[in-house]
>>> print(open('start_3.tsv').read())   # TSV, C-alpha atoms and all ligand atoms
chain	number	residue	atom	x	y	z
A	1	MET	CA	29.51	-34.64	2.61
A	2	LEU	CA	29.19	-31.03	1.46
A	3	SER	CA	29.09	-28.58	4.33
A	4	PRO	CA	26.07	-26.30	4.75
A	5	ASP	CA	28.39	-23.27	4.43
A	6	PHE	CA	29.72	-24.57	1.13
A	7	ILE	CA	26.18	-25.06	-0.16
A	8	ARG	CA	25.16	-21.60	0.98
A	9	ASP	CA	28.16	-19.99	-0.74
A	10	LYS	CA	27.52	-21.95	-3.88
A	11	VAL	CA	23.81	-21.05	-3.96
A	12	GLN	CA	24.64	-17.40	-3.49
A	13	THR	CA	27.51	-17.15	-5.95
A	14	ILE	CA	27.02	-19.48	-8.88
A	15	ILE	CA	26.82	-17.36	-11.94
A	16	GLN	CA	24.42	-19.54	-13.85
A	17	LEU	CA	21.93	-19.50	-11.00
A	18	PRO	CA	18.58	-18.35	-12.27
A	19	ALA	CA	18.32	-14.61	-11.91
A	20	LEU	CA	15.01	-12.95	-11.36
A	21	PRO	CA	14.67	-10.58	-14.31
A	22	ALA	CA	15.59	-7.02	-13.31
A	23	ILE	CA	12.20	-5.79	-14.38
A	24	ALA	CA	10.45	-8.16	-11.96
A	25	GLU	CA	12.63	-6.95	-9.08
A	26	GLU	CA	11.83	-3.39	-10.06
A	27	VAL	CA	8.08	-4.03	-10.14
A	28	VAL	CA	8.17	-5.81	-6.77
A	29	GLU	CA	9.98	-2.83	-5.26
A	30	MET	CA	7.64	-0.30	-6.86
A	31	VAL	CA	4.54	-2.09	-5.62
A	32	GLU	CA	5.87	-1.79	-2.03
A	33	ASN	CA	6.36	1.96	-2.42
A	34	PRO	CA	3.22	3.93	-1.51
A	35	LYS	CA	4.35	6.89	-3.62
A	36	VAL	CA	4.29	4.88	-6.82
A	37	SER	CA	1.20	5.17	-9.02
A	38	ALA	CA	-0.41	2.60	-11.31
A	39	SER	CA	0.74	4.44	-14.40
A	40	MET	CA	4.37	4.52	-13.19
A	41	ILE	CA	4.34	0.73	-12.86
A	42	GLY	CA	2.50	0.44	-16.16
A	43	LYS	CA	5.29	2.36	-17.86
A	44	VAL	CA	7.99	0.02	-16.51
A	45	ILE	CA	6.09	-3.12	-17.56
A	46	SER	CA	5.36	-1.66	-21.00
A	47	THR	CA	9.09	-1.46	-21.76
A	48	ASP	CA	9.05	-5.25	-22.03
A	49	GLN	CA	6.70	-6.36	-24.80
A	50	GLY	CA	6.80	-10.05	-23.87
A	51	LEU	CA	5.95	-9.31	-20.24
A	52	THR	CA	3.15	-6.93	-21.25
A	53	THR	CA	1.52	-9.60	-23.41
A	54	LYS	CA	1.72	-12.18	-20.65
A	55	VAL	CA	0.39	-9.83	-17.98
A	56	LEU	CA	-2.60	-8.96	-20.18
A	57	LYS	CA	-3.32	-12.61	-20.96
A	58	ILE	CA	-3.31	-13.50	-17.29
A	59	ALA	CA	-5.28	-10.42	-16.28
A	60	ASN	CA	-7.97	-11.49	-18.77
A	61	SER	CA	-8.09	-15.11	-17.59
A	62	ALA	CA	-11.05	-16.61	-15.80
A	63	PHE	CA	-8.95	-16.80	-12.64
A	64	TYR	CA	-9.26	-13.05	-12.10
A	65	GLY	CA	-12.82	-13.09	-13.41
A	66	PHE	CA	-13.01	-9.49	-14.64
A	67	PRO	CA	-16.05	-9.21	-16.95
A	68	LYS	CA	-14.62	-6.71	-19.47
A	69	LYS	CA	-11.59	-7.04	-21.68
A	70	ILE	CA	-8.48	-5.56	-20.11
A	71	SER	CA	-6.39	-4.16	-22.93
A	72	THR	CA	-3.76	-2.03	-21.20
A	73	VAL	CA	-1.44	-2.68	-18.29
A	74	ASP	CA	-2.58	0.54	-16.57
A	75	PHE	CA	-6.16	-0.66	-16.63
A	76	ALA	CA	-5.09	-4.10	-15.38
A	77	ILE	CA	-3.43	-2.50	-12.36
A	78	ILE	CA	-6.45	-0.34	-11.62
A	79	VAL	CA	-9.00	-3.15	-11.77
A	80	LEU	CA	-6.92	-5.98	-10.30
A	81	GLY	CA	-4.84	-4.00	-7.82
A	82	PHE	CA	-1.13	-3.83	-7.00
A	83	ASP	CA	-1.18	-7.09	-5.10
A	84	ALA	CA	-2.54	-9.11	-8.01
A	85	LEU	CA	-0.13	-7.41	-10.36
A	86	ARG	CA	2.81	-8.34	-8.19
A	87	GLU	CA	1.71	-11.97	-8.04
A	88	ILE	CA	1.31	-12.07	-11.82
A	89	VAL	CA	4.70	-10.50	-12.60
A	90	VAL	CA	6.63	-12.57	-10.05
A	91	SER	CA	4.90	-15.79	-11.12
A	92	ILE	CA	5.72	-15.21	-14.78
A	93	SER	CA	9.35	-14.43	-13.96
A	94	LEU	CA	9.75	-17.40	-11.65
A	95	VAL	CA	8.26	-19.86	-14.05
A	96	SER	CA	10.64	-18.71	-16.76
A	97	ALA	CA	13.65	-18.63	-14.39
A	98	LEU	CA	13.16	-22.04	-12.82
A	99	GLN	CA	11.31	-24.14	-15.35
A	100	LYS	CA	13.53	-26.89	-16.67
A	101	LYS	CA	13.08	-30.18	-18.41
A	102	SER	CA	11.97	-33.30	-16.57
A	103	ASP	CA	14.21	-36.32	-16.21
A	104	ALA	CA	13.95	-39.68	-14.44
A	105	THR	CA	14.44	-38.04	-11.02
A	106	PHE	CA	12.60	-34.74	-11.44
A	107	ASP	CA	9.09	-34.23	-12.74
A	108	VAL	CA	8.73	-30.58	-13.75
A	109	LYS	CA	4.97	-30.74	-14.06
A	110	LYS	CA	4.54	-32.23	-10.60
A	111	PHE	CA	6.91	-29.62	-9.17
A	112	TRP	CA	4.95	-26.70	-10.65
A	113	ASP	CA	1.58	-28.26	-9.88
A	114	HIS	CA	2.57	-28.36	-6.23
A	115	ALA	CA	3.93	-24.79	-6.28
A	116	ILE	CA	0.86	-23.37	-7.99
A	117	PHE	CA	-1.57	-25.41	-5.91
A	118	SER	CA	0.13	-24.16	-2.72
A	119	GLY	CA	-0.09	-20.61	-4.09
A	120	VAL	CA	-3.80	-20.69	-4.83
A	121	ILE	CA	-4.60	-22.35	-1.50
A	122	ALA	CA	-2.46	-19.84	0.44
A	123	ARG	CA	-4.15	-17.00	-1.38
A	124	ARG	CA	-7.63	-18.21	-0.52
A	125	LEU	CA	-6.71	-19.03	3.07
A	126	ALA	CA	-5.21	-15.56	3.48
A	127	ARG	CA	-8.31	-13.88	2.14
A	128	ASP	CA	-10.63	-15.97	4.29
A	129	LEU	CA	-8.60	-15.20	7.38
A	130	GLY	CA	-8.46	-11.49	6.59
A	131	TYR	CA	-4.69	-11.47	6.16
A	132	ARG	CA	-3.76	-8.11	4.66
A	133	VAL	CA	-1.11	-8.92	2.09
A	134	SER	CA	-2.39	-11.78	0.00
A	135	GLY	CA	0.08	-11.14	-2.87
A	136	GLU	CA	2.98	-11.80	-0.53
A	137	VAL	CA	1.36	-15.04	0.64
A	138	PHE	CA	0.88	-16.19	-2.94
A	139	VAL	CA	4.47	-15.47	-3.95
A	140	GLY	CA	5.84	-17.14	-0.79
A	141	ALA	CA	3.78	-20.26	-1.37
A	142	LEU	CA	4.69	-20.41	-5.05
A	143	LEU	CA	8.37	-20.19	-4.14
A	144	HIS	CA	8.48	-22.34	-1.04
A	145	ASP	CA	10.03	-25.50	-2.58
A	146	MET	CA	12.37	-23.89	-5.09
A	147	GLY	CA	15.27	-25.37	-3.09
A	148	ILE	CA	14.29	-28.70	-4.67
A	149	SER	CA	14.75	-27.31	-8.16
A	150	ILE	CA	18.16	-25.87	-7.12
A	151	LEU	CA	19.20	-29.21	-5.64
A	152	HIS	CA	18.25	-31.05	-8.78
A	153	GLN	CA	20.02	-28.60	-11.06
A	154	TYR	CA	23.13	-27.58	-9.14
A	155	PHE	CA	23.73	-30.41	-6.66
A	156	ASN	CA	22.68	-33.27	-8.85
A	157	THR	CA	24.99	-35.90	-7.33
A	158	GLU	CA	23.65	-35.16	-3.86
A	159	TYR	CA	20.08	-34.98	-5.18
A	160	ARG	CA	20.44	-38.46	-6.69
A	161	LYS	CA	21.83	-39.76	-3.43
A	162	ILE	CA	18.74	-38.39	-1.63
A	163	ILE	CA	16.46	-40.12	-4.14
A	164	GLU	CA	18.39	-43.33	-3.54
A	165	LEU	CA	18.06	-43.07	0.22
A	166	VAL	CA	14.31	-42.43	0.21
A	167	GLN	CA	13.76	-45.71	-1.60
A	168	ASP	CA	14.07	-47.12	1.92
A	169	PRO	CA	10.57	-46.64	3.37
A	170	ASN	CA	12.06	-45.92	6.80
A	171	ILE	CA	13.86	-42.82	5.59
A	172	THR	CA	11.94	-39.61	5.01
A	173	TRP	CA	12.94	-37.02	2.43
A	174	ARG	CA	13.97	-34.61	5.15
A	175	GLN	CA	16.16	-37.18	6.90
A	176	ALA	CA	17.80	-38.03	3.59
A	177	GLU	CA	18.50	-34.35	2.88
A	178	GLU	CA	19.97	-33.86	6.32
A	179	SER	CA	22.21	-36.89	6.05
A	180	VAL	CA	23.48	-36.01	2.56
A	181	LEU	CA	23.66	-32.20	2.83
A	182	GLY	CA	23.35	-31.23	6.47
A	183	VAL	CA	20.58	-28.84	5.42
A	184	THR	CA	17.17	-29.11	3.76
A	185	HIS	CA	15.61	-27.76	0.58
A	186	ALA	CA	13.84	-25.18	2.74
A	187	GLU	CA	17.09	-23.50	3.81
A	188	ILE	CA	18.52	-23.75	0.30
A	189	GLY	CA	15.42	-22.04	-1.10
A	190	GLY	CA	15.79	-19.33	1.56
A	191	TRP	CA	19.38	-18.67	0.41
A	192	LEU	CA	18.18	-18.26	-3.16
A	193	ALA	CA	15.45	-15.86	-2.02
A	194	GLU	CA	18.16	-13.86	-0.21
A	195	ARG	CA	20.24	-13.80	-3.36
A	196	TRP	CA	17.20	-12.47	-5.21
A	197	ASN	CA	16.92	-9.69	-2.63
A	198	PHE	CA	13.48	-10.75	-1.52
A	199	PRO	CA	12.23	-9.11	1.67
A	200	PRO	CA	13.24	-10.91	4.91
A	201	THR	CA	9.66	-12.04	5.50
A	202	LEU	CA	9.63	-13.96	2.21
A	203	VAL	CA	13.11	-15.39	2.80
A	204	GLU	CA	11.90	-16.66	6.14
A	205	ALA	CA	8.66	-18.05	4.71
A	206	VAL	CA	10.65	-20.19	2.27
A	207	ALA	CA	13.36	-21.21	4.75
A	208	LYS	CA	10.96	-22.18	7.56
A	209	HIS	CA	8.04	-23.70	5.66
A	210	HIS	CA	8.63	-27.07	7.33
A	211	THR	CA	9.57	-25.60	10.73
A	212	PRO	CA	7.01	-22.80	11.05
A	213	LEU	CA	7.37	-22.37	14.80
A	214	ASP	CA	10.92	-21.07	14.33
A	215	ALA	CA	9.62	-18.00	12.48
A	216	VAL	CA	10.43	-14.61	13.99
A	217	GLU	CA	10.04	-12.09	11.13
A	218	ASN	CA	6.43	-12.88	10.29
A	219	PRO	CA	5.07	-15.99	12.03
A	220	GLU	CA	1.62	-15.47	10.51
A	221	LEU	CA	2.93	-15.57	6.93
A	222	VAL	CA	5.02	-18.69	7.59
A	223	SER	CA	2.03	-20.38	9.26
A	224	LEU	CA	-0.22	-19.67	6.28
A	225	ILE	CA	2.33	-21.08	3.85
A	226	HIS	CA	2.88	-24.13	6.04
A	227	CYS	CA	-0.89	-24.82	6.04
A	228	ALA	CA	-1.16	-24.27	2.28
A	229	ASP	CA	1.77	-26.61	1.61
A	230	VAL	CA	0.29	-29.44	3.67
A	231	LEU	CA	-3.18	-28.90	2.20
A	232	ALA	CA	-1.74	-28.96	-1.32
A	233	VAL	CA	-0.06	-32.30	-0.61
A	234	ARG	CA	-3.18	-33.79	0.97
A	235	LEU	CA	-5.49	-32.59	-1.78
A	236	SER	CA	-3.27	-33.89	-4.54
A	237	ASP	CA	-3.90	-37.33	-6.04
A	238	ASP	CA	-0.23	-37.88	-6.68
A	239	PRO	CA	1.88	-35.56	-4.51
A	240	ALA	CA	5.52	-34.81	-5.29
A	241	GLU	CA	7.91	-37.18	-3.53
A	242	PHE	CA	9.82	-34.47	-1.66
A	243	ASP	CA	6.77	-33.35	0.31
A	244	ARG	CA	4.81	-36.56	0.54
A	245	GLU	CA	5.56	-37.04	4.23
A	246	ALA	CA	5.57	-33.35	5.14
A	247	GLU	CA	4.12	-33.14	8.60
A	248	PHE	CA	1.50	-30.65	9.64
A	249	ASN	CA	2.37	-28.75	12.79
A	250	PRO	CA	-1.02	-28.04	14.41
A	251	ASP	CA	0.49	-25.32	16.62
A	252	VAL	CA	0.40	-22.96	13.63
A	253	LEU	CA	-3.38	-22.85	13.99
A	254	GLN	CA	-2.95	-21.04	17.28
A	255	ARG	CA	-0.72	-18.51	15.57
A	256	LEU	CA	-3.43	-17.91	13.02
A	257	GLN	CA	-5.93	-17.59	15.87
A	258	LEU	CA	-7.74	-20.69	14.77
A	259	ASP	CA	-8.27	-22.56	17.96
A	260	ASP	CA	-10.30	-25.39	16.53
A	261	PRO	CA	-7.99	-28.21	15.32
A	262	MET	CA	-10.82	-29.68	13.26
A	263	LEU	CA	-10.95	-26.52	11.21
A	264	MET	CA	-8.33	-27.66	8.73
A	265	GLU	CA	-10.20	-30.91	8.13
A	266	GLY	CA	-13.41	-28.96	7.62
A	267	TYR	CA	-11.63	-26.57	5.32
A	268	MET	CA	-10.37	-29.39	3.17
A	269	THR	CA	-13.82	-30.92	2.82
A	270	THR	CA	-15.55	-27.64	2.09
A	271	TYR	CA	-12.98	-26.23	-0.25
A	272	ARG	CA	-11.69	-29.31	-2.06
A	273	ASN	CA	-13.62	-28.60	-5.26
A	274	ILE	CA	-13.14	-24.85	-5.19
A	275	LEU	CA	-9.40	-25.17	-4.63
A	276	GLN	CA	-9.01	-27.76	-7.32
A	277	SER	CA	-10.87	-25.60	-9.81
A	278	ASP	CA	-8.75	-22.54	-8.81
A	279	MET	CA	-5.73	-24.70	-9.47
A	280	ARG	CA	-6.92	-25.81	-12.92
A	281	GLN	CA	-7.70	-22.25	-13.93
A	282	PHE	CA	-4.36	-20.99	-12.75
A	283	GLU	CA	-2.53	-23.79	-14.50
A	284	SER	CA	-4.28	-23.17	-17.82
A	285	MET	CA	-3.56	-19.50	-17.43
A	286	PHE	CA	0.15	-20.30	-17.39
A	287	THR	CA	-0.08	-22.62	-20.33
A	288	ASN	CA	-1.90	-19.91	-22.27
A	289	ALA	CA	0.53	-17.23	-21.16
A	290	LYS	CA	3.50	-18.96	-22.72
A	291	VAL	CA	4.14	-16.76	-25.71
B	301	FE	FE	9.00	-28.40	1.18
B	302	FE	FE	5.87	-28.05	-0.49
>>> encode(input="start_3.tsv", output="structure tokens")
Amino acid sequence: MLSPDFIRDKVQTIIQLPALPAIAEEVVEMVENPKVSASMIGKVISTDQGLTTKVLKIANSAFYGFPKKISTVDFAIIVLGFDALREIVVSISLVSALQKKSDATFDVKKFWDHAIFSGVIARRLARDLGYRVSGEVFVGALLHDMGISILHQYFNTEYRKIIELVQDPNITWRQAEESVLGVTHAEIGGWLAERWNFPPTLVEAVAKHHTPLDAVENPELVSLIHCADVLAVRLSDDPAEFDREAEFNPDVLQRLQLDDPMLMEGYMTTYRNILQSDMRQFESMFTNAKV
């Protein structure tokens, strides 16, 4: 069995590991800095023609619902805001860094459907609950299962062993991961987020998405992502195997100051159609943004 330390070292040092493009890191940092203006960020994005085109396509999609045509990055930032810009730039970069071909054991479409669905749900939940930084929630939810993609690509022998083990209906995905690796995809994803220099709150959100009560950096963010993940699985007709049995920890509701345990059920019923249509719009936006 590989040791968790070995896996951590490997995740943080393999050269071929997907790198987040430097420009995306730069934009994420600039958005955090209160002294940075829209036109300063616009200038950085404009140095990359491919990124500029994609940002404009997404900014003009139905998902953001702006009635007039947005033809410059500066204008996109002004009308959509820094938060939306950050979610657009990071999403584009992640999709291009992690997207790989499907094979018999990994369904790329299902993987991204789950990531995007979790992102749009987390975003809406955050807004409804008055959480301040919805861009951060979106990025965290979009990223939360990237450990699975890393496992499939860089620890393929172990990944196949996990798939083999879960054929036994008495073994859950998490148990299989723990017996083969000694860690789970959540921790592995957290190590990648560290390698990408993501802020500690986002690293934690990825690493603790299945154990939200262990969060210390930002329990509210982790709780939101945990809820969005479980909702995305439950609202999906054919959820990805790795999260199919993901358990909902109802104690997170307390952390979000939602005392009524029936609230999640109600939320699912009320929002099912809205969330599914958000998801379709977001998905088509990505398909259209591939240039
Ligand atoms: Fe997960
Ligand atoms: Fe998930």
>>> closest_residue(input="start_3.tsv", among="A:Ser96, A:Thr13, A:Ser91, A:Thr184", to="ligand FE 301 (chain B)", atoms="all atoms listed in the file")
A:Thr184
>>> closest_atom_pairs(input="start_3.tsv", of="chain A", to="ligand FE 301 (chain B)", cutoff="9 Å", atoms="all atoms listed in the file", output="Markdown table")
| residue | atom | partner | partner_atom | distance |
| --- | --- | --- | --- | --- |
| A:His144 | CA | B:FE301 | FE | 6.5 |
| A:Asp145 | CA | B:FE301 | FE | 4.9 |
| A:Met146 | CA | B:FE301 | FE | 8.4 |
| A:Gly147 | CA | B:FE301 | FE | 8.2 |
| A:Ile148 | CA | B:FE301 | FE | 7.9 |
| A:Arg174 | CA | B:FE301 | FE | 8.9 |
| A:Thr184 | CA | B:FE301 | FE | 8.6 |
| A:His185 | CA | B:FE301 | FE | 6.7 |
| A:Ala186 | CA | B:FE301 | FE | 6.0 |
| A:Val206 | CA | B:FE301 | FE | 8.4 |
| A:His209 | CA | B:FE301 | FE | 6.6 |
| A:His210 | CA | B:FE301 | FE | 6.3 |
| A:His226 | CA | B:FE301 | FE | 8.9 |
| A:Asp229 | CA | B:FE301 | FE | 7.5 |
| A:Phe242 | CA | B:FE301 | FE | 6.8 |
| A:Asp243 | CA | B:FE301 | FE | 5.5 |
| A:Ala246 | CA | B:FE301 | FE | 7.2 |
>>> closest_atom_pairs(input="start_3.tsv", of="chain A", to="ligand FE 302 (chain B)", cutoff="12 Å", atoms="only C-alpha atoms and all ligand atoms", output="CSV")
residue,atom,partner,partner_atom,distance
A:Lys110,CA,B:FE302,FE,11.0
A:Phe111,CA,B:FE302,FE,8.9
A:Trp112,CA,B:FE302,FE,10.3
A:Asp113,CA,B:FE302,FE,10.3
A:His114,CA,B:FE302,FE,6.6
A:Ala115,CA,B:FE302,FE,6.9
A:Ile116,CA,B:FE302,FE,10.2
A:Phe117,CA,B:FE302,FE,9.6
A:Ser118,CA,B:FE302,FE,7.3
A:Gly119,CA,B:FE302,FE,10.2
A:Ile121,CA,B:FE302,FE,12.0
A:Ala122,CA,B:FE302,FE,11.7
A:Gly140,CA,B:FE302,FE,10.9
A:Ala141,CA,B:FE302,FE,8.1
A:Leu142,CA,B:FE302,FE,9.0
A:Leu143,CA,B:FE302,FE,9.0
A:His144,CA,B:FE302,FE,6.3
A:Asp145,CA,B:FE302,FE,5.3
A:Met146,CA,B:FE302,FE,9.0
A:Gly147,CA,B:FE302,FE,10.1
A:Ile148,CA,B:FE302,FE,9.4
A:Ser149,CA,B:FE302,FE,11.8
A:Trp173,CA,B:FE302,FE,11.8
A:Arg174,CA,B:FE302,FE,11.9
A:His185,CA,B:FE302,FE,9.8
A:Ala186,CA,B:FE302,FE,9.1
A:Gly189,CA,B:FE302,FE,11.3
A:Ala205,CA,B:FE302,FE,11.6
A:Val206,CA,B:FE302,FE,9.6
A:Ala207,CA,B:FE302,FE,11.4
A:Lys208,CA,B:FE302,FE,11.2
A:His209,CA,B:FE302,FE,7.8
A:His210,CA,B:FE302,FE,8.4
A:Ile225,CA,B:FE302,FE,8.9
A:His226,CA,B:FE302,FE,8.2
A:Cys227,CA,B:FE302,FE,9.9
A:Ala228,CA,B:FE302,FE,8.4
A:Asp229,CA,B:FE302,FE,4.8
A:Val230,CA,B:FE302,FE,7.1
A:Leu231,CA,B:FE302,FE,9.5
A:Ala232,CA,B:FE302,FE,7.7
A:Val233,CA,B:FE302,FE,7.3
A:Arg234,CA,B:FE302,FE,10.8
A:Ser236,CA,B:FE302,FE,11.6
A:Pro239,CA,B:FE302,FE,9.4
A:Ala240,CA,B:FE302,FE,8.3
A:Glu241,CA,B:FE302,FE,9.8
A:Phe242,CA,B:FE302,FE,7.6
A:Asp243,CA,B:FE302,FE,5.4
A:Arg244,CA,B:FE302,FE,8.6
A:Glu245,CA,B:FE302,FE,10.2
A:Ala246,CA,B:FE302,FE,7.7
A:Glu247,CA,B:FE302,FE,10.6
A:Phe248,CA,B:FE302,FE,11.3
>>> closest_residue(input="start_3.tsv", among="A:Gly50, A:Pro200, A:Gly130, A:Gly42", to="Leu256 of chain A", atoms="only C-alpha atoms")
A:Gly130
>>> atom_distance(input="start_3.tsv", atom1="atom CA of Arg86 of chain A", atom2="atom CA of Glu29 of chain A")
9.5 Å
>>> residues_around(input="start_3.tsv", residues="segment 20-27 of chain A", least_positions_apart="4", cutoff="9 Å", atoms="all atoms listed in the file", output="ChimeraX atom specification")
/A:31-32,41,44-45,48,85-86,89-90,92-94,97,196-198
>>> closest_residue(input="start_3.tsv", among="A:Tyr267, A:Tyr131, A:Phe155, A:Phe106", to="Phe6 of chain A", atoms="all atoms listed in the file")
A:Phe155
>>> closest_residue(input="start_3.tsv", among="A:Arg124, A:Lys69, A:Glu187, A:Leu165", to="Ile274 of chain A", atoms="all atoms listed in the file")
A:Arg124
>>> atom_distance(input="start_3.tsv", atom1="atom CA of Ala59 of chain A", atom2="atom CA of Ala76 of chain A")
6.4 Å
>>> atom_distance(input="start_3.tsv", atom1="atom CA of Leu253 of chain A", atom2="atom CA of Pro219 of chain A")
11.1 Å
>>> closest_residue(input="start_3.tsv", among="A:Val79, A:Ile150, A:Leu51, A:Leu224", to="Gly65 of chain A", atoms="all atoms listed in the file")
A:Val79
>>> axis_aligned_box(input="start_3.tsv", around="segment 215-234 of chain A", padding_each_side="3 Å", output="lines of an AutoDock Vina configuration file")
center_x = 3.6
center_y = -22.9
center_z = 6.3
size_x = 19.6
size_y = 27.7
size_z = 21.3
>>> residues_around(input="start_3.tsv", residues="Glu177 of chain A", least_positions_apart="5", cutoff="10 Å", atoms="all atoms listed in the file", output="list of chain:residue names")
A:Leu151, A:Glu158, A:Tyr159, A:Lys161, A:Ile162, A:Ile163, A:Leu165, A:Val166, A:Thr172, A:Gly182, A:Val183, A:Thr184, A:His185, A:Phe242
>>> decode(input="start_3.tsv", residues="segment 86-110 of chain A", atoms="N, CA and C atoms", output="PDB file, in the first residue's frame")
ATOM      1  N   ARG A  86     -13.804  36.245 -11.195  1.00  0.00           N
ATOM      2  CA  ARG A  86     -12.917  35.226 -10.638  1.00  0.00           C
ATOM      3  C   ARG A  86     -13.471  33.827 -10.919  1.00  0.00           C
ATOM      4  N   GLU A  87     -14.793  33.658 -10.753  1.00  0.00           N
ATOM      5  CA  GLU A  87     -15.326  32.311 -10.998  1.00  0.00           C
ATOM      6  C   GLU A  87     -15.187  31.926 -12.468  1.00  0.00           C
ATOM      7  N   ILE A  88     -15.330  32.905 -13.360  1.00  0.00           N
ATOM      8  CA  ILE A  88     -15.194  32.606 -14.789  1.00  0.00           C
ATOM      9  C   ILE A  88     -13.745  32.208 -15.121  1.00  0.00           C
ATOM     10  N   VAL A  89     -12.792  33.019 -14.672  1.00  0.00           N
ATOM     11  CA  VAL A  89     -11.390  32.764 -15.036  1.00  0.00           C
ATOM     12  C   VAL A  89     -10.905  31.441 -14.434  1.00  0.00           C
ATOM     13  N   VAL A  90     -11.235  31.208 -13.161  1.00  0.00           N
ATOM     14  CA  VAL A  90     -10.771  29.964 -12.536  1.00  0.00           C
ATOM     15  C   VAL A  90     -11.450  28.757 -13.193  1.00  0.00           C
ATOM     16  N   SER A  91     -12.731  28.876 -13.503  1.00  0.00           N
ATOM     17  CA  SER A  91     -13.424  27.739 -14.125  1.00  0.00           C
ATOM     18  C   SER A  91     -12.789  27.397 -15.468  1.00  0.00           C
ATOM     19  N   ILE A  92     -12.537  28.425 -16.279  1.00  0.00           N
ATOM     20  CA  ILE A  92     -11.938  28.174 -17.591  1.00  0.00           C
ATOM     21  C   ILE A  92     -10.584  27.477 -17.422  1.00  0.00           C
ATOM     22  N   SER A  93      -9.778  27.984 -16.489  1.00  0.00           N
ATOM     23  CA  SER A  93      -8.439  27.419 -16.306  1.00  0.00           C
ATOM     24  C   SER A  93      -8.500  25.991 -15.796  1.00  0.00           C
ATOM     25  N   LEU A  94      -9.425  25.747 -14.865  1.00  0.00           N
ATOM     26  CA  LEU A  94      -9.529  24.400 -14.304  1.00  0.00           C
ATOM     27  C   LEU A  94      -9.975  23.395 -15.337  1.00  0.00           C
ATOM     28  N   VAL A  95     -10.985  23.796 -16.100  1.00  0.00           N
ATOM     29  CA  VAL A  95     -11.488  22.861 -17.103  1.00  0.00           C
ATOM     30  C   VAL A  95     -10.363  22.504 -18.068  1.00  0.00           C
ATOM     31  N   SER A  96      -9.553  23.502 -18.456  1.00  0.00           N
ATOM     32  CA  SER A  96      -8.494  23.147 -19.406  1.00  0.00           C
ATOM     33  C   SER A  96      -7.346  22.401 -18.726  1.00  0.00           C
ATOM     34  N   ALA A  97      -7.132  22.615 -17.416  1.00  0.00           N
ATOM     35  CA  ALA A  97      -6.039  21.911 -16.735  1.00  0.00           C
ATOM     36  C   ALA A  97      -6.396  20.461 -16.405  1.00  0.00           C
ATOM     37  N   LEU A  98      -7.654  20.219 -16.092  1.00  0.00           N
ATOM     38  CA  LEU A  98      -8.010  18.879 -15.607  1.00  0.00           C
ATOM     39  C   LEU A  98      -8.726  18.012 -16.626  1.00  0.00           C
ATOM     40  N   GLN A  99      -9.313  18.607 -17.625  1.00  0.00           N
ATOM     41  CA  GLN A  99     -10.139  17.816 -18.531  1.00  0.00           C
ATOM     42  C   GLN A  99      -9.306  16.804 -19.303  1.00  0.00           C
ATOM     43  N   LYS A 100      -9.698  15.557 -19.193  1.00  0.00           N
ATOM     44  CA  LYS A 100      -8.973  14.502 -19.901  1.00  0.00           C
ATOM     45  C   LYS A 100      -9.998  13.590 -20.567  1.00  0.00           C
ATOM     46  N   LYS A 101      -9.471  12.666 -21.328  1.00  0.00           N
ATOM     47  CA  LYS A 101     -10.394  11.759 -22.033  1.00  0.00           C
ATOM     48  C   LYS A 101     -11.000  10.724 -21.087  1.00  0.00           C
ATOM     49  N   SER A 102     -12.211  10.281 -21.436  1.00  0.00           N
ATOM     50  CA  SER A 102     -12.847   9.214 -20.666  1.00  0.00           C
ATOM     51  C   SER A 102     -12.206   7.878 -20.995  1.00  0.00           C
ATOM     52  N   ASP A 103     -12.314   6.926 -20.075  1.00  0.00           N
ATOM     53  CA  ASP A 103     -11.996   5.543 -20.405  1.00  0.00           C
ATOM     54  C   ASP A 103     -13.007   4.671 -19.660  1.00  0.00           C
ATOM     55  N   ALA A 104     -12.763   3.352 -19.632  1.00  0.00           N
ATOM     56  CA  ALA A 104     -13.761   2.454 -19.043  1.00  0.00           C
ATOM     57  C   ALA A 104     -13.997   2.750 -17.556  1.00  0.00           C
ATOM     58  N   THR A 105     -13.013   3.364 -16.880  1.00  0.00           N
ATOM     59  CA  THR A 105     -13.170   3.569 -15.436  1.00  0.00           C
ATOM     60  C   THR A 105     -13.409   5.030 -15.057  1.00  0.00           C
ATOM     61  N   PHE A 106     -13.373   5.925 -16.025  1.00  0.00           N
ATOM     62  CA  PHE A 106     -13.538   7.343 -15.691  1.00  0.00           C
ATOM     63  C   PHE A 106     -14.366   8.036 -16.771  1.00  0.00           C
ATOM     64  N   ASP A 107     -15.477   8.602 -16.352  1.00  0.00           N
ATOM     65  CA  ASP A 107     -16.372   9.258 -17.289  1.00  0.00           C
ATOM     66  C   ASP A 107     -16.208  10.777 -17.105  1.00  0.00           C
ATOM     67  N   VAL A 108     -15.485  11.384 -18.043  1.00  0.00           N
ATOM     68  CA  VAL A 108     -15.170  12.812 -17.926  1.00  0.00           C
ATOM     69  C   VAL A 108     -16.432  13.670 -17.836  1.00  0.00           C
ATOM     70  N   LYS A 109     -17.426  13.333 -18.631  1.00  0.00           N
ATOM     71  CA  LYS A 109     -18.630  14.152 -18.646  1.00  0.00           C
ATOM     72  C   LYS A 109     -19.326  14.113 -17.278  1.00  0.00           C
ATOM     73  N   LYS A 110     -19.427  12.896 -16.736  1.00  0.00           N
ATOM     74  CA  LYS A 110     -20.070  12.751 -15.434  1.00  0.00           C
ATOM     75  C   LYS A 110     -19.291  13.508 -14.366  1.00  0.00           C
TER      76      LYS A 110
END
